[in-house]
Each structure stands twice: as structure tokens, then as C-alpha cells.
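**Student:** Enclosed is the structure file model-v4.cif (mmCIF, C-alpha atoms and all ligand atoms).
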```cif
data_entry
#
loop_
_atom_site.label_atom_id
_atom_site.label_comp_id
_atom_site.auth_asym_id
_atom_site.auth_seq_id
_atom_site.Cartn_x
_atom_site.Cartn_y
_atom_site.Cartn_z
CA MET C 1 -11.91 4.44 -18.90
CA LYS C 2 -9.23 6.87 -19.75
CA ARG C 3 -8.11 9.15 -16.95
CA ILE C 4 -7.60 8.20 -13.32
CA LEU C 5 -7.36 10.49 -10.29
CA VAL C 6 -4.59 9.07 -8.11
CA THR C 7 -4.60 10.36 -4.52
CA GLY C 8 -1.36 9.81 -2.63
CA GLY C 9 0.35 9.11 -5.94
CA ALA C 10 3.74 10.44 -4.80
CA GLY C 11 3.95 7.73 -2.12
CA TYR C 12 5.46 4.29 -2.18
CA ILE C 13 2.64 2.23 -3.69
CA GLY C 14 1.17 5.16 -5.62
CA SER C 15 4.38 5.93 -7.52
CA HIS C 16 4.76 2.30 -8.61
CA THR C 17 1.12 2.19 -9.66
CA LEU C 18 1.59 5.25 -11.90
CA VAL C 19 4.22 3.33 -13.85
CA GLU C 20 1.86 0.38 -14.39
CA LEU C 21 -1.04 2.68 -15.32
CA ALA C 22 1.10 4.38 -17.95
CA GLU C 23 2.23 1.00 -19.24
CA ALA C 24 -1.41 -0.06 -19.59
CA GLY C 25 -2.25 3.11 -21.54
CA TYR C 26 -4.07 5.14 -18.86
CA ASP C 27 -3.80 8.86 -18.28
CA PHE C 28 -3.76 10.14 -14.73
CA VAL C 29 -3.56 13.15 -12.50
CA VAL C 30 -1.97 12.98 -9.07
CA VAL C 31 -2.97 14.80 -5.90
CA ASP C 32 -0.81 14.49 -2.81
CA ASN C 33 -0.08 16.84 0.09
CA LEU C 34 3.47 15.38 0.30
CA CYS C 35 3.14 14.84 4.07
CA ASN C 36 4.91 11.49 3.71
CA SER C 37 6.51 11.74 0.28
CA ASN C 38 8.68 13.80 -1.97
CA LYS C 39 7.98 15.27 -5.39
CA GLU C 40 11.20 13.68 -6.58
CA SER C 41 9.37 10.33 -6.76
CA LEU C 42 7.18 11.82 -9.50
CA HIS C 43 10.21 13.11 -11.43
CA ARG C 44 11.58 9.58 -11.30
CA VAL C 45 8.27 8.14 -12.49
CA ALA C 46 8.32 10.66 -15.36
CA LYS C 47 11.77 9.38 -16.37
CA ILE C 48 10.58 5.77 -16.37
CA ILE C 49 7.42 6.43 -18.38
CA GLY C 50 8.93 9.09 -20.66
CA ARG C 51 6.38 11.82 -19.95
CA GLU C 52 5.51 14.35 -17.27
CA VAL C 53 3.21 13.43 -14.41
CA PRO C 54 0.37 15.95 -13.91
CA PHE C 55 0.59 16.75 -10.20
CA PHE C 56 -1.21 19.02 -7.74
CA LYS C 57 -0.07 19.56 -4.19
CA VAL C 58 -3.54 19.29 -2.74
CA ASP C 59 -4.78 17.83 0.52
CA ILE C 60 -7.74 15.51 0.06
CA ARG C 61 -9.46 17.33 2.94
CA ASP C 62 -9.42 20.51 0.82
CA LYS C 63 -12.75 20.34 -1.01
CA ASP C 64 -12.19 23.39 -3.21
CA GLY C 65 -8.68 22.32 -4.14
CA LEU C 66 -9.84 18.84 -5.13
CA SER C 67 -12.80 20.25 -7.05
CA LYS C 68 -10.54 22.51 -9.07
CA VAL C 69 -8.37 19.58 -10.08
CA LEU C 70 -11.39 17.58 -11.21
CA ASP C 71 -12.85 20.60 -13.04
CA GLU C 72 -9.66 20.84 -15.04
CA TYR C 73 -9.00 17.11 -15.42
CA SER C 74 -12.20 15.14 -15.70
CA CYS C 75 -11.57 11.62 -14.42
CA ASP C 76 -13.35 8.31 -14.94
CA ALA C 77 -12.13 6.64 -11.77
CA CYS C 78 -10.09 7.28 -8.65
CA ILE C 79 -7.38 5.16 -7.06
CA HIS C 80 -7.28 6.32 -3.46
CA PHE C 81 -3.92 5.78 -1.74
CA ALA C 82 -3.76 8.98 0.30
CA GLY C 83 -3.67 8.32 4.02
CA LEU C 84 -1.49 8.12 7.08
CA LYS C 85 -0.19 4.61 7.67
CA ALA C 86 2.12 4.34 10.69
CA VAL C 87 0.61 1.95 13.20
CA GLY C 88 2.56 3.17 16.26
CA GLU C 89 2.02 6.84 15.43
CA SER C 90 -1.71 6.20 15.12
CA VAL C 91 -1.82 5.00 18.73
CA ALA C 92 -0.20 8.27 19.86
CA LYS C 93 -2.22 10.49 17.49
CA PRO C 94 -5.61 8.86 16.99
CA TYR C 95 -7.42 12.10 16.21
CA GLU C 96 -5.01 12.92 13.38
CA TYR C 97 -5.51 9.46 11.88
CA TYR C 98 -9.32 9.55 12.02
CA GLU C 99 -9.42 13.12 10.78
CA ASN C 100 -7.00 12.60 7.89
CA ASN C 101 -7.97 9.13 6.74
CA ILE C 102 -11.70 9.16 7.38
CA GLY C 103 -12.33 12.92 7.11
CA GLY C 104 -10.21 13.12 3.95
CA THR C 105 -11.93 10.15 2.32
CA LEU C 106 -15.39 11.62 3.03
CA VAL C 107 -14.40 14.87 1.32
CA LEU C 108 -12.97 12.91 -1.61
CA ILE C 109 -16.16 10.86 -2.01
CA ASP C 110 -18.24 14.03 -1.99
CA VAL C 111 -16.13 15.75 -4.64
CA LEU C 112 -16.05 12.64 -6.84
CA LYS C 113 -19.82 12.38 -6.61
CA GLN C 114 -20.21 16.04 -7.59
CA HIS C 115 -18.09 15.34 -10.64
CA ASN C 116 -20.09 12.26 -11.45
CA CYS C 117 -17.09 10.00 -11.00
CA LYS C 118 -18.48 7.05 -9.07
CA ASN C 119 -15.67 4.56 -9.57
CA ILE C 120 -13.08 4.10 -6.86
CA ILE C 121 -10.39 1.67 -5.78
CA PHE C 122 -9.50 1.93 -2.11
CA SER C 123 -6.25 0.87 -0.43
CA SER C 124 -7.37 -1.33 2.41
CA SER C 125 -5.18 -3.67 4.38
CA ALA C 126 -4.88 -7.18 5.75
CA THR C 127 -4.88 -5.42 9.09
CA VAL C 128 -8.72 -5.46 8.92
CA TYR C 129 -8.62 -9.21 9.62
CA GLY C 130 -7.09 -8.53 13.03
CA ASN C 131 -5.85 -11.85 14.40
CA PRO C 132 -7.31 -13.91 11.53
CA ALA C 133 -9.80 -16.63 12.31
CA VAL C 134 -8.48 -18.81 9.44
CA ILE C 135 -5.18 -19.13 7.58
CA PRO C 136 -4.77 -18.72 4.64
CA ILE C 137 -7.10 -15.73 4.85
CA THR C 138 -9.93 -15.58 2.32
CA GLU C 139 -12.07 -12.50 1.78
CA GLU C 140 -14.89 -14.32 3.62
CA CYS C 141 -12.83 -14.44 6.79
CA PRO C 142 -14.64 -12.18 9.26
CA LYS C 143 -12.98 -8.88 9.97
CA GLY C 144 -11.26 -8.94 13.33
CA LYS C 145 -10.55 -6.52 16.10
CA CYS C 146 -7.99 -3.94 15.03
CA THR C 147 -5.56 -3.15 17.81
CA ASN C 148 -4.75 0.39 16.61
CA PRO C 149 -6.46 3.49 15.18
CA TYR C 150 -4.74 3.10 11.80
CA GLY C 151 -6.34 -0.31 11.33
CA GLN C 152 -9.64 1.06 12.58
CA THR C 153 -9.62 3.75 9.88
CA LYS C 154 -9.27 1.05 7.20
CA SER C 155 -11.98 -1.10 8.72
CA MET C 156 -14.37 1.83 9.20
CA LEU C 157 -13.73 3.17 5.70
CA GLU C 158 -14.57 -0.25 4.29
CA GLU C 159 -17.94 -0.05 6.09
CA ILE C 160 -18.50 3.49 4.83
CA PHE C 161 -17.81 2.43 1.24
CA MET C 162 -20.18 -0.53 1.59
CA ASP C 163 -23.00 1.69 2.87
CA ILE C 164 -22.45 4.24 0.12
CA GLN C 165 -22.52 1.62 -2.62
CA LYS C 166 -25.61 0.01 -1.12
CA ALA C 167 -27.46 3.33 -1.07
CA ASP C 168 -26.37 4.30 -4.57
CA PRO C 169 -25.66 1.29 -6.82
CA GLN C 170 -24.19 3.58 -9.48
CA TRP C 171 -21.01 3.47 -7.44
CA ASN C 172 -18.45 0.84 -8.37
CA ILE C 173 -16.05 0.29 -5.50
CA VAL C 174 -13.13 -2.12 -5.18
CA LEU C 175 -11.60 -2.62 -1.74
CA LEU C 176 -8.11 -4.04 -2.10
CA ARG C 177 -6.70 -5.60 1.03
CA TYR C 178 -2.95 -5.46 0.68
CA PHE C 179 -0.73 -7.87 2.56
CA ASN C 180 2.92 -6.77 3.05
CA PRO C 181 4.21 -4.79 0.07
CA ILE C 182 8.00 -4.63 -0.25
CA GLY C 183 10.56 -4.28 -3.05
CA ALA C 184 10.88 -1.59 -5.67
CA HIS C 185 10.78 -0.94 -9.41
CA LYS C 186 13.51 -2.86 -11.23
CA SER C 187 15.17 0.40 -12.35
CA GLY C 188 16.14 1.06 -8.72
CA THR C 189 14.96 4.66 -9.13
CA ILE C 190 11.70 4.53 -7.14
CA GLY C 191 11.12 2.65 -3.93
CA GLU C 192 10.17 2.84 -0.28
CA ASN C 193 11.48 5.98 1.39
CA PRO C 194 10.30 6.12 5.01
CA ASN C 195 10.86 9.18 7.17
CA GLY C 196 12.92 8.55 10.31
CA ILE C 197 13.26 5.11 11.84
CA PRO C 198 11.48 2.54 9.67
CA ASN C 199 8.55 0.74 11.28
CA ASN C 200 8.44 -2.04 8.73
CA LEU C 201 10.77 -4.97 8.30
CA MET C 202 12.18 -4.53 4.78
CA PRO C 203 13.15 -0.84 4.97
CA TYR C 204 14.79 -1.59 8.31
CA ILE C 205 16.77 -4.44 6.74
CA THR C 206 17.92 -2.30 3.81
CA GLN C 207 18.99 0.52 6.14
CA VAL C 208 21.04 -1.92 8.22
CA ALA C 209 22.57 -3.37 5.05
CA VAL C 210 23.54 0.11 3.78
CA GLY C 211 25.10 0.98 7.16
CA LYS C 212 22.54 3.57 8.31
CA ARG C 213 21.48 1.41 11.28
CA LYS C 214 23.60 -0.89 13.39
CA GLU C 215 21.45 -3.98 13.61
CA LEU C 216 17.95 -5.24 13.06
CA GLY C 217 15.83 -6.18 16.06
CA VAL C 218 13.82 -9.33 15.41
CA PHE C 219 10.62 -8.87 17.37
CA GLY C 220 10.15 -12.21 19.09
CA ASN C 221 11.26 -15.76 18.32
CA ASP C 222 8.75 -17.58 20.48
CA TYR C 223 5.69 -17.43 18.22
CA ASP C 224 3.92 -20.59 17.20
CA THR C 225 5.58 -20.61 13.75
CA PRO C 226 8.21 -22.94 12.22
CA ASP C 227 11.19 -20.86 13.45
CA GLY C 228 9.39 -18.84 16.13
CA THR C 229 9.47 -15.52 14.25
CA GLY C 230 6.42 -13.80 12.72
CA VAL C 231 5.19 -15.04 9.33
CA ARG C 232 3.81 -12.62 6.71
CA ASP C 233 2.72 -12.58 3.08
CA TYR C 234 5.27 -10.27 1.43
CA ILE C 235 4.26 -9.06 -2.01
CA HIS C 236 6.38 -7.25 -4.58
CA VAL C 237 5.13 -3.67 -4.91
CA VAL C 238 5.12 -3.96 -8.72
CA ASP C 239 2.80 -6.98 -8.51
CA LEU C 240 0.60 -4.97 -6.16
CA ALA C 241 0.61 -2.04 -8.58
CA LYS C 242 -0.45 -4.32 -11.44
CA GLY C 243 -3.35 -5.51 -9.27
CA HIS C 244 -4.77 -1.98 -9.44
CA VAL C 245 -4.75 -2.02 -13.23
CA CYS C 246 -6.64 -5.33 -13.17
CA ALA C 247 -9.09 -3.89 -10.65
CA LEU C 248 -9.79 -0.98 -13.03
CA HIS C 249 -11.03 -3.51 -15.58
CA VAL C 250 -13.63 -4.91 -13.17
CA LEU C 251 -14.64 -1.38 -12.14
CA GLN C 252 -15.23 -0.59 -15.77
CA ASN C 253 -17.49 -3.62 -16.11
CA GLY C 254 -19.68 -2.37 -13.27
CA CYS C 255 -18.63 -4.49 -10.32
CA GLY C 256 -20.76 -2.95 -7.58
CA LEU C 257 -18.77 -3.50 -4.43
CA SER C 258 -15.95 -6.04 -4.61
CA ILE C 259 -13.24 -7.01 -2.15
CA TYR C 260 -9.96 -8.67 -3.04
CA ASN C 261 -6.91 -9.80 -1.12
CA LEU C 262 -3.69 -8.84 -2.86
CA GLY C 263 -1.02 -11.20 -1.60
CA THR C 264 1.05 -14.10 -2.87
CA GLY C 265 -0.49 -16.81 -0.71
CA ARG C 266 2.93 -17.68 0.75
CA GLY C 267 4.16 -16.89 4.21
CA TYR C 268 7.77 -16.11 5.10
CA SER C 269 9.18 -15.66 8.58
CA VAL C 270 11.38 -12.75 9.62
CA LEU C 271 14.40 -15.07 9.52
CA ASP C 272 13.39 -16.35 6.04
CA VAL C 273 13.38 -12.75 4.78
CA ILE C 274 16.75 -11.94 6.35
CA ASN C 275 18.28 -15.12 4.92
CA ALA C 276 16.85 -14.49 1.43
CA PHE C 277 18.13 -10.90 1.52
CA VAL C 278 21.64 -11.94 2.58
CA LYS C 279 21.77 -14.74 0.00
CA VAL C 280 20.54 -12.78 -3.02
CA ASN C 281 22.45 -9.57 -2.29
CA GLY C 282 25.63 -10.91 -0.68
CA VAL C 283 25.49 -8.30 2.11
CA ASP C 284 25.46 -8.72 5.86
CA VAL C 285 22.40 -7.97 7.99
CA PRO C 286 23.38 -8.17 11.67
CA TYR C 287 20.38 -8.84 13.91
CA SER C 288 19.47 -9.73 17.45
CA ILE C 289 16.35 -11.17 19.00
CA LYS C 290 14.22 -8.64 20.87
CA PRO C 291 10.95 -8.94 22.78
CA ARG C 292 7.72 -9.23 20.83
CA ARG C 293 6.26 -5.99 19.46
CA GLU C 294 2.92 -5.10 20.98
CA GLY C 295 -0.05 -5.80 18.73
CA ASP C 296 1.85 -8.24 16.44
CA ILE C 297 0.33 -11.56 15.47
CA ALA C 298 2.12 -14.82 14.73
CA THR C 299 0.99 -15.58 11.20
CA CYS C 300 -0.79 -13.74 8.41
CA TYR C 301 -0.95 -14.82 4.79
CA SER C 302 -3.57 -14.64 2.10
CA ASP C 303 -5.59 -16.92 -0.04
CA PRO C 304 -5.29 -14.89 -3.27
CA THR C 305 -7.45 -17.17 -5.46
CA LYS C 306 -10.41 -14.77 -5.68
CA ALA C 307 -8.20 -12.10 -7.27
CA GLU C 308 -6.81 -14.65 -9.68
CA ARG C 309 -10.26 -15.91 -10.63
CA GLU C 310 -12.03 -12.58 -10.95
CA LEU C 311 -9.28 -10.08 -11.71
CA GLY C 312 -7.05 -12.40 -13.70
CA TRP C 313 -4.24 -11.22 -11.43
CA LYS C 314 -1.54 -13.28 -9.82
CA ALA C 315 1.70 -12.19 -8.16
CA GLN C 316 4.66 -13.02 -10.40
CA PHE C 317 7.65 -12.10 -8.25
CA GLY C 318 9.19 -14.19 -5.48
CA ILE C 319 10.90 -13.27 -2.23
CA GLU C 320 14.35 -13.12 -3.86
CA ASP C 321 13.11 -10.61 -6.47
CA MET C 322 11.62 -8.52 -3.67
CA CYS C 323 14.90 -8.56 -1.70
CA ARG C 324 17.02 -7.79 -4.78
CA ASP C 325 14.87 -4.85 -5.88
CA ALA C 326 14.50 -3.37 -2.39
CA TRP C 327 18.29 -3.43 -2.05
CA LEU C 328 18.90 -1.91 -5.48
CA PHE C 329 16.77 1.12 -4.55
CA GLN C 330 18.44 1.52 -1.14
CA LYS C 331 21.94 1.09 -2.59
CA ASN C 332 21.29 3.67 -5.32
CA ASN C 333 19.58 6.05 -2.88
CA PRO C 334 21.31 5.65 0.49
CA GLU C 335 19.71 8.87 1.76
CA GLY C 336 16.36 8.25 0.05
CA TYR C 337 14.98 10.74 -2.47
P1 LIG X 1 2.81 6.38 1.57
O1 LIG X 1 2.80 7.13 2.86
O2 LIG X 1 4.10 6.21 0.87
O3 LIG X 1 1.76 7.05 0.56
C1 LIG X 1 0.61 7.72 0.99
C2 LIG X 1 0.61 9.09 0.34
O4 LIG X 1 -0.56 9.80 0.75
C3 LIG X 1 1.81 9.94 0.74
O5 LIG X 1 2.45 10.41 -0.43
C4 LIG X 1 1.21 11.09 1.55
O6 LIG X 1 1.95 12.27 1.38
C5 LIG X 1 -0.19 11.14 0.99
N1 LIG X 1 -1.21 11.71 1.89
C6 LIG X 1 -1.48 11.38 3.17
N2 LIG X 1 -2.50 12.11 3.64
C7 LIG X 1 -2.90 12.92 2.63
C8 LIG X 1 -3.91 13.90 2.51
N3 LIG X 1 -4.70 14.24 3.52
N4 LIG X 1 -4.04 14.54 1.32
C9 LIG X 1 -3.24 14.24 0.27
N5 LIG X 1 -2.26 13.32 0.35
C10 LIG X 1 -2.08 12.68 1.51
O7 LIG X 1 2.13 4.95 1.86
P2 LIG X 1 1.99 3.68 0.92
O8 LIG X 1 2.76 2.59 1.55
O9 LIG X 1 2.24 4.04 -0.48
O10 LIG X 1 0.46 3.37 1.16
C11 LIG X 1 -0.56 3.79 0.27
C12 LIG X 1 -1.91 3.36 0.83
O11 LIG X 1 -1.92 1.95 1.01
C13 LIG X 1 -2.21 3.96 2.20
O12 LIG X 1 -3.59 4.26 2.27
C14 LIG X 1 -1.87 2.82 3.15
O13 LIG X 1 -2.61 2.89 4.35
C15 LIG X 1 -2.28 1.62 2.33
N6 LIG X 1 -1.58 0.38 2.72
C16 LIG X 1 -0.22 0.37 2.78
C17 LIG X 1 0.43 -0.79 3.17
C18 LIG X 1 1.92 -0.83 3.30
O14 LIG X 1 2.44 -1.73 3.98
N7 LIG X 1 2.68 0.06 2.67
C19 LIG X 1 -0.31 -1.95 3.47
C20 LIG X 1 -1.71 -1.88 3.39
C21 LIG X 1 -2.34 -0.72 3.00
C1 LIG X 2 6.62 -7.75 9.54
C2 LIG X 2 7.24 -8.75 10.51
C3 LIG X 2 7.37 -7.96 12.76
C4 LIG X 2 10.22 -4.72 11.97
C5 LIG X 2 2.31 -3.61 9.03
C6 LIG X 2 0.99 -3.02 9.43
C7 LIG X 2 -0.08 -3.45 8.46
C8 LIG X 2 0.33 -3.16 7.01
C9 LIG X 2 1.71 -3.65 6.70
C10 LIG X 2 -0.56 -1.07 6.35
C11 LIG X 2 6.53 -8.84 11.86
C12 LIG X 2 8.76 -8.16 12.19
C13 LIG X 2 9.35 -5.80 11.84
C14 LIG X 2 11.44 -4.90 12.68
C15 LIG X 2 10.85 -7.20 13.04
N1 LIG X 2 0.40 -1.75 6.76
N2 LIG X 2 9.67 -7.02 12.37
N3 LIG X 2 11.71 -6.13 13.18
O1 LIG X 2 3.39 -5.67 11.14
O2 LIG X 2 2.95 -7.34 9.29
O3 LIG X 2 2.19 -5.02 9.05
O4 LIG X 2 2.63 -3.19 7.69
O5 LIG X 2 -1.70 -1.38 6.22
O6 LIG X 2 -1.23 -2.77 8.81
O7 LIG X 2 0.65 -3.46 10.72
O8 LIG X 2 4.59 -5.49 8.91
O9 LIG X 2 6.90 -4.99 8.23
O10 LIG X 2 6.05 -4.06 10.42
O11 LIG X 2 6.47 -6.50 10.21
O12 LIG X 2 11.14 -8.30 13.53
O13 LIG X 2 12.23 -3.96 12.84
O14 LIG X 2 8.57 -8.32 10.80
O15 LIG X 2 7.34 -8.33 14.11
O16 LIG X 2 6.59 -10.18 12.26
P1 LIG X 2 3.27 -5.96 9.72
P2 LIG X 2 6.05 -5.16 9.42
#
```
Show me, as C-alpha cells, the structure contained in the file I just sent.
Ligand code: NAD
Ligand code: WQD

**Tutor:**
Amino acid sequence: MKRILVTGGAGYIGSHTLVELAEAGYDFVVVDNLCNSNKESLHRVAKIIGREVPFFKVDIRDKDGLSKVLDEYSCDACIHFAGLKAVGESVAKPYEYYENNIGGTLVLIDVLKQHNCKNIIFSSSATVYGNPAVIPITEECPKGKCTNPYGQTKSMLEEIFMDIQKADPQWNIVLLRYFNPIGAHKSGTIGENPNGIPNNLMPYITQVAVGKRKELGVFGNDYDTPDGTGVRDYIHVVDLAKGHVCALHVLQNGCGLSIYNLGTGRGYSVLDVINAFVKVNGVDVPYSIKPRREGDIATCYSDPTKAERELGWKAQFGIEDMCRDAWLFQKNNPEGY
């Protein structure tokens, strides 16, 4: 396998994955409509890897546009990051989420098939487990009820991919269920760059630390967890990116349909993350306890042993690395890209 089509490659996880793909000797071509990203991320990637990033501003719902890219750049596999991902926004705009995430993926699958590229890695999410039946969560844990349209798109797309692979076993499909990616490349030049008020914990913390926001709201301290705040499996985005390179190896070997959790297997509470961030970076993060956020669960962390066994992949970075690298990016880029 030589060249990879990377959809959504200008985004947070996509940009970090490009670096790891280059490191592992892959070529790639990026398509992104830049609805939640900035071309600057690709210039920064180019600096890190020492060569230009082939990029097309194409929407994955644009069949002709996608086809042209694949006519020009024949690809052996696709890593499919493109999608809308804000949980709250998806509740307000369900149509846009179904149309973009599901509609876009259907167009992508069609165009890949026409170009005889039947290898794809899909960005799924731990959100498909809903309120998990068992902790730590293995891939056998039944999928749960998603409380928002964003989660539904991931869950439904997983089903669609399963049906497609069943009907045509030439497809090799890896569904990667990410836990909570945070952190940034060690150079501090690429990182998470949310538009507007961050929805997620780490970008909110870094924006408070850099003085852009007054204080962090901790959403509930009465959960059934050791300190009462929500527990999650935070994973360094560079570890996550490396997981995609490992998944390409199993795709290449003809894996059929495979599902892997990408997490560390460790849970940290909101207060654990704040304390680690303050300790490793020596900056203040004022916070106050707020009511629970609707749709949140108490605890969610992975059992990542299947990925270790079958992909030979294991997260290397710890919570302090994640906090240090997230801060370095925010400090170097107080206004983002
Ligand atoms: P991101 O928003 O930074 O990246 C997604 C990219 O897709 C953006 O650059 C956006 O411009 C692009 N995009 C969206 N719709 C498009 C379309 N129709 N055509 C072309 N490009 C389009 O998000 P991310 O955090 O890098 O997430 C990447 C993928 O991983 C997403 O599918 C997301 O749902 C999934 N995921 C993310 C997390 C997380 O916490 N960040 C967790 C689990 C799964
Ligand atoms: C983590 C913890 C919050 C913000 C979401 C999506 C999930 C996946 C990853 C894409 C929780 C608490 C947060 C804040 C807080 N994305 N928190 N104050 O909710 O685990 O997962 O992102 O697939 O689908 O739902 O991540 O970072 O939003 O929250 O106290 O300002 O931090 O309550 O306990 P979450 P998160």
C-alpha cells in the first residue's frame, strides 16, 4: 500500500495522522472542505514532514470533485475522518449531521468503489457504546443508545460499513472507536483548534490557562466516581494517529471487517485532568462546579487489549504528556491557526 486518501485531513486528528503516515513512508492526498479547519494546519504539517501536502478543497458529498481527485491520484486505501462532530450542535441541527456524515460517507464509498479502492479506515467513537454495559469497555460490549444525532451517525455508519463488507467481501474495513483524544504534536505547531466556545474539556482548560476564558465549569461532582466528576479515557492524539498506521497494516493483510477500541485503558476524572495540567505546566486553571451536562455519563474507559494483540499498537503517552503538549500548542498559538 502506497498512497492513502485522507478525508478531513486538515482537522485535528487528520493533521496528526498525516505526520505519522509520512513517518511510516506513506504518500497521501488530502480532501477537506475546511468547514471546521484551516489550511494553515497543512502548511504546518508540511514543515514537520519536510514536503508539501497534496490538498484539494473538496466536499466529500461532491461526487465529481472526489472522482477527479482519485482519477489524478490513484489511492490504495482511504482514512475517513471527514465529518461534523459537535454533540450539542447535532441536537440542534440533526438534518445537517445526517446529511453530511451519512450522505457524505455514502458518496465517498461509491467513488472509492468506482476507483476499485476497497480499503477504508473509519473514525468511529466510544460514543457508540452509549452508557456502557461493562467497564472497561471491550469491542464485544453491545452498542448502546446514543443520546444525540452525532452519535447516531457513527453508530449507523458502522452498520452501513458492516452491511457493505458482508455483501462484498473484497472490502477491507477497519472501524476505529476513539476514546477521548487530546494533546498535540510535540513541536507545538499543530493541535486542536476549535471554533468558538470549546465543547470538550481539554481545549476549554487550555483556553482558560491562556486567559481567553475566565474559568472552567466542571459539569457535576455527584457522579458515582472516586471524586464525583466524570471519568474518561484520554488518549494522546499522536498515539491515536499511530493507531491508524497500524490499522493500515491489517487492512493490507485483508482483514475483512475489524473493530478496535483506541484508548489507553485508564480513566481520569475531570479533577485529575485539571490537577495534572496545573502540575505539569505550572499554570492556574480556575474552575467552579456546575450542574451536570445533559447526556453525560459517569465513567467511560476502554479495554484496549484487542488493538494491542491484533494491531501491535499500544498508547505510549501518559496524561502528563497530553497536558504538556496541549498547553504547548495553545501557548504558541493563543488565537489558534
Ligand atoms: P475535525 O473537525 O478537526 O476534523 C474533521 C474534518 O473534516 C475537518 O477538517 C472538516 O473541515 C472536515 N469535514 C467535515 N465535513 C466534511 C465534508 N462534508 N467534506 C469534506 N470535509 C469535511 O475533527 P477531529 O477531532 O479531527 O475528528 C476527526 C474524525 O474523528 C471525525 O469523524 C470525528 O467524528 C471522529 N472522532 C473525533 C473524536 C474527538 O474527540 N475529536 C472522538 C471520536 C471520533
Ligand atoms: C469530558 C469530561 C464532561 C467540558 C465527547 C463526545 C464523544 C467524543 C469525545 C467524538 C466529561 C467534562 C467537559 C467542560 C467539563 N467525540 N467537562 N467541563 O463528553 O467524554 O466525549 O468528545 O466522537 O462523542 O461526546 O468529552 O471532553 O466533552 O468531556 O466538566 O467544559 O469533561 O462532563 O465528564 P466526552 P468532553

**Student:** Write out as a tab-separated table a residue-level contact list of chain C versus ligand LIG 2 (chain X) with cut-off 6 Å: for each qualifying residue the closest pair of atoms and the distance in Å to one decimal, counting only C-alpha atoms and all ligand atoms, rows sorted by chain and residue number upward.

**Tutor:**
```
residue	atom	partner	partner_atom	distance
C:Lys85	CA	X:LIG2	C10	5.8
C:Val87	CA	X:LIG2	O7	6.0
C:Ser125	CA	X:LIG2	O5	4.6
C:Thr127	CA	X:LIG2	O6	4.5
C:Asn180	CA	X:LIG2	C9	5.0
C:Asn199	CA	X:LIG2	O10	5.5
C:Asn200	CA	X:LIG2	O9	3.4
C:Leu201	CA	X:LIG2	C4	3.7
C:Tyr204	CA	X:LIG2	O13	5.7
C:Leu216	CA	X:LIG2	O13	5.9
C:Gly217	CA	X:LIG2	N3	5.0
C:Val218	CA	X:LIG2	O12	3.4
C:Phe219	CA	X:LIG2	O12	3.9
C:Gly230	CA	X:LIG2	O16	3.7
C:Val231	CA	X:LIG2	O16	5.8
C:Arg232	CA	X:LIG2	O2	5.9
C:Val270	CA	X:LIG2	O14	5.4
C:Arg293	CA	X:LIG2	O15	5.9
C:Asp296	CA	X:LIG2	O15	6.0
```

**Student:** For each of C:Thr105, C:Thr7, C:Asn36, C:Thr138, take the minimum atom-to-atom distance to Phe81 (chain C), counting all atoms listed in the file, then give the residue where this is smallest.

**Tutor:**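 Residue with the minimum atom-to-atom distance to Phe81 (chain C): C:Thr7.
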
**Student:** Quick one: residues within 9 Å of ligand LIG 1 (chain X), with only C-alpha atoms and all ligand atoms, as a ChimeraX atom specification?

**Tutor:** /C:7-16,31-39,57-62,80-86,99-101,103-105,122-127,150-151,153-154,176-182,192-194,200,237

**Student:** Show me, as a list in words, the residues that have an atom within 10 Å of Pro169 (chain C) when counting only C-alpha atoms, minus same-chain residues fewer than 3 positions from it.

**Tutor:**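 The residues that qualify are Lys118, Ile164, Gln165, Lys166, Asn172, Ile173, Gly254, Cys255, Gly256 and Leu257 of chain C.
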
**Student:** Find, counting only C-alpha atoms, the residue in C:Ser269, C:Ile289, C:Ala326, C:Leu262 that gets nearest to Leu311 (chain C).

**Tutor:** C:Leu262

**Student:** Pick the closest to Gly263 (chain C) from C:Lys314, C:His185, C:Arg213, C:Lys143: which is it, counting only C-alpha atoms?

**Tutor:** C:Lys314

**Student:** Tell me, in Å to one decimal, how far CA of Glu320 (chain C) is from CA of Asp303 (chain C).

**Tutor:**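 Answer for the CA of Glu320 (chain C) to CA of Asp303 (chain C) separation: 20.7 Å.
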
**Student:** Counting only C-alpha atoms, what is within 8 Å of Ile4 (chain C), bar same-chain residues fewer than 5 positions away, as a VMD selection string?

**Tutor:** chain C and resid 26 to 29 75 to 79

**Student:** Measuring atom to atom with only C-alpha atoms, identify which of C:Leu18, C:Ile235, C:Val30, C:Cys323 is nearest to Leu70 (chain C).

**Tutor:**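 So, comparing all the options, the nearest one is C:Val30.
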
**Student:** Tell me which protein, DNA and RNA residues are within 8 Å of His236 (chain C), counting only C-alpha atoms, leaving out same-chain ones fewer than 4 positions away, and put them as a PyMOL selection string.

**Tutor:** chain C and resi 181-184+240+315+317-319+321-322

**Student:** Please, what distance in Å, to one decimal, runs between CA of Ser258 (chain C) and CA of Leu112 (chain C)?

**Tutor:**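 Separating CA of Ser258 (chain C) from CA of Leu112 (chain C) is a distance of 18.8 Å.
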
**Student:** Might you pull out every residue within 7 Å of Phe329 (chain C), with all atoms listed in the file counted and same-chain residues fewer than 5 positions away left off, and present them as an MDAnalysis selection string?

**Tutor:** chainID C and resid 184 188:191

**Student:** Restricted to C-alpha atoms, what would the selected residues look like written as a short mmCIF file (atom, residue, chain, number, x, y, z; two decimals), in the coordinates of the input?

**Tutor:**
```cif
data_model
loop_
_atom_site.label_atom_id
_atom_site.label_comp_id
_atom_site.auth_asym_id
_atom_site.auth_seq_id
_atom_site.Cartn_x
_atom_site.Cartn_y
_atom_site.Cartn_z
CA ALA C 184 10.88 -1.59 -5.67
CA GLY C 188 16.14 1.06 -8.72
CA THR C 189 14.96 4.66 -9.13
CA ILE C 190 11.70 4.53 -7.14
CA GLY C 191 11.12 2.65 -3.93
#
```

**Student:** Up to 9 Å from (-2.4, -15.9, 6.0) in the file's coordinates: name the residues, counting all atoms listed in the file, as a PyMOL selection string.

**Tutor:** chain C and resi 132+134-138+179+231-233+265-267+299-303

**Student:** For the atom pair CA of Glu140 (chain C) and CA of Met156 (chain C), what is the interatomic distance in Å to one decimal place?

**Tutor:** 17.1 Å

**Student:** Of the candidates C:Ser187, C:Asn253, C:Val208, C:Glu159, which one gets nearest to Lys47 (chain C) if we count all atoms listed in the file?

**Tutor:**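 Among the listed residues, the smallest separation from Lys47 (chain C) belongs to C:Ser187.
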
**Student:** I need the residue nearest Gln316 (chain C) from this list: C:Val273, C:Gly243, C:Val250, C:Leu106. Use all atoms listed in the file for the distance.

**Tutor:**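 Of C:Val273, C:Gly243, C:Val250, C:Leu106, the one nearest Gln316 (chain C) is C:Gly243, counting all atoms listed in the file.
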
**Student:** May I have the residues within 10 Å of Ala24 (chain C) as a VMD selection string, using all atoms listed in the file and disregarding those fewer than 6 positions away in the same chain?

**Tutor:** chain C and resid 18 242 245 to 246
